[in-house]
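A short worksheet on the structure shown next.
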Amino acid sequence: MPIIVNLDVMLARRKMRSKELAERIGLTEQNVSLLKSGKVKGIRFETLEKICEVLACQPGDILMFEPTVKSD
Amino acid sequence: MSAFNPRVARWLAFLTKALVSVCLLANLFGWFIPEAAETIARNITTLITEPISLTTRALVLGGLISTVQLGILTIGFWAMAAVFKLFAQGDYLHPDIGKQVQCFGKSLALFGVLSPLMRTLLALVITLDNPEGQQILMIRLVTNDFVIILVGMLLIMLGYALKQAAMIAEENRQIV
C-alpha cells in the first residue's frame, strides 16, 4: 500500500511505548500494533487527532504517501 | 439497546428444530396409518365430504407429496434455528445470519408457490382410484399462500440487507 504509517518512528522520537500510547488514546495494544504495522484498512480522524495530541505532532508525521513504482 | 438473551435464543433454536422434526415425522408416519392419512389428506386438500380412495398407491404418493412440501419448510426452519443459534453466541452481525435469513425466506416463498400445486396433485392422487367420474382435479388459491410468498420475499430482502450490514461491520473492524 502506498500509504506508509510512521507511528513507530514517532514513538521512538518521543520515547514512548505502544502500551502507553494505547492507554492514552483509548485503543487496545493490539490495534496500535496493527496500526504500526500498517495492517489496517483505515484510521478514524478521531484516532488520528488523539495520536497527534499525545505525540505532539502533525498527521503528516505519522502518515506518508509513497507512490508505487511500476516495473516494465 | 439491550442484548438478546442468549438462553432464550438457545431455547428457541432447540424448540424450532424439535417442533419441525416432530411435524415432519408425524406427517411421514401419519401416511402409514389409514385414519391419520385420511385426516392429513382431507386437511391439506380441504376435501371434507368428497369421496376419497386411500389405496397403497395413493398413500405412497400422498406421503411423498406432503413430505416434499413439508421438507421445503423444514429446510427453512432449520435455517431459522441457525439464526437463533448465532444470536445465542452473541454474534449479531455474523455474515451467516443474512444467509440463513435468506434461506428461510426462499423456503417460505417456495412453499407458498408450490402449495397450490401440491394441493392439486394431492387431491388428484387421493381421488385417482375413485370410481370413474369421481376423480377430482382442483385448483385452489388461498390468500395465505400469497401472504407466505410476500413474507418470504421480504425475508430474502432483509437477509440481503443483513449480509451487507455484516460486510460493513467487518470493514469497520479493520478501521482503528
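Identifiers for the C-alpha cells are assigned positionally: chains receive A, B, ... in sequence, residues are indexed from 1 per chain, and ligands are indexed from 1 in the order shown.
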May I ask you to extract the residues of chain A within 9 Å of chain B, using only C-alpha atoms, and to give them as a list in words? Leu27, Asn31, Val32, Leu34, Leu35, Lys39, Val40, Lys41, Gly42, Ile43, Arg44 and Thr47 of chain A
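Picture a line from CA of Thr16 (chain B) to CA of Leu73 (chain B); it runs 11.7 Å.
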Tell me, as a PyMOL selection string, which residues lie within 8 Å of Gln100 (chain B), counting only C-alpha atoms; anything in the same chain fewer than 6 positions away does not count. chain B and resi 79-80+82-83+159
Find the residues near Lys19 (chain A): any atom within 9 Å, counting only C-alpha atoms, skip ones fewer than 2 places away on the same chain, and give them as a PyMOL selection string. chain A and resi 16-17+21-24+28-29+32
Just the selected residues (C-alpha atoms), exported as a PDB file, in the first residue's frame, please.
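What ended up in selection.pdb:
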ATOM      1  CA  MET A  16       7.043   6.369  24.286  1.00  0.00           C
ATOM      2  CA  ARG A  17       5.949   2.717  24.415  1.00  0.00           C
ATOM      3  CA  LEU A  21       0.082   5.358  23.674  1.00  0.00           C
ATOM      4  CA  ALA A  22      -2.712   2.768  23.607  1.00  0.00           C
ATOM      5  CA  GLU A  23      -3.779   3.710  27.130  1.00  0.00           C
ATOM      6  CA  ARG A  24      -3.697   7.442  26.422  1.00  0.00           C
ATOM      7  CA  THR A  28      -6.168  -1.658  22.569  1.00  0.00           C
ATOM      8  CA  GLU A  29      -2.483  -2.544  22.296  1.00  0.00           C
ATOM      9  CA  VAL A  32      -1.969   0.087  17.981  1.00  0.00           C
TER      10      VAL A  32
END
When you look at Asn43 (chain B) with a cut-off of 12 Å (counting only C-alpha atoms), what residues show up, excluding the ones that are within fewer than 5 positions of it in the same chain? I need them as an MDAnalysis selection string. chainID B and resid 27 36:38 48:49 66 119 122:123
Just write the chosen residues, C-alpha atoms, as a PDB file, in the first residue's frame.
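File produced: selection-v1.pdb:
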ATOM      1  CA  ASN B  27     -46.570 -36.366   8.704  1.00  0.00           C
ATOM      2  CA  ALA B  36     -54.438 -40.427  10.189  1.00  0.00           C
ATOM      3  CA  ALA B  37     -53.675 -40.394   6.474  1.00  0.00           C
ATOM      4  CA  GLU B  38     -57.301 -39.531   5.734  1.00  0.00           C
ATOM      5  CA  ILE B  48     -64.143 -32.699   3.597  1.00  0.00           C
ATOM      6  CA  THR B  49     -67.195 -34.534   2.265  1.00  0.00           C
ATOM      7  CA  SER B  66     -46.823 -33.866   1.622  1.00  0.00           C
ATOM      8  CA  ARG B 119     -52.917 -29.376  -3.185  1.00  0.00           C
ATOM      9  CA  LEU B 122     -52.693 -34.460  -3.640  1.00  0.00           C
ATOM     10  CA  ALA B 123     -56.386 -34.093  -4.483  1.00  0.00           C
TER      11      ALA B 123
END
If you count only C-alpha atoms, which residues fall within 12 Å of Arg13 (chain A), apart from same-chain ones fewer than 4 positions away, as an MDAnalysis selection string? chainID A and resid 6:9 17 55:57 61:62
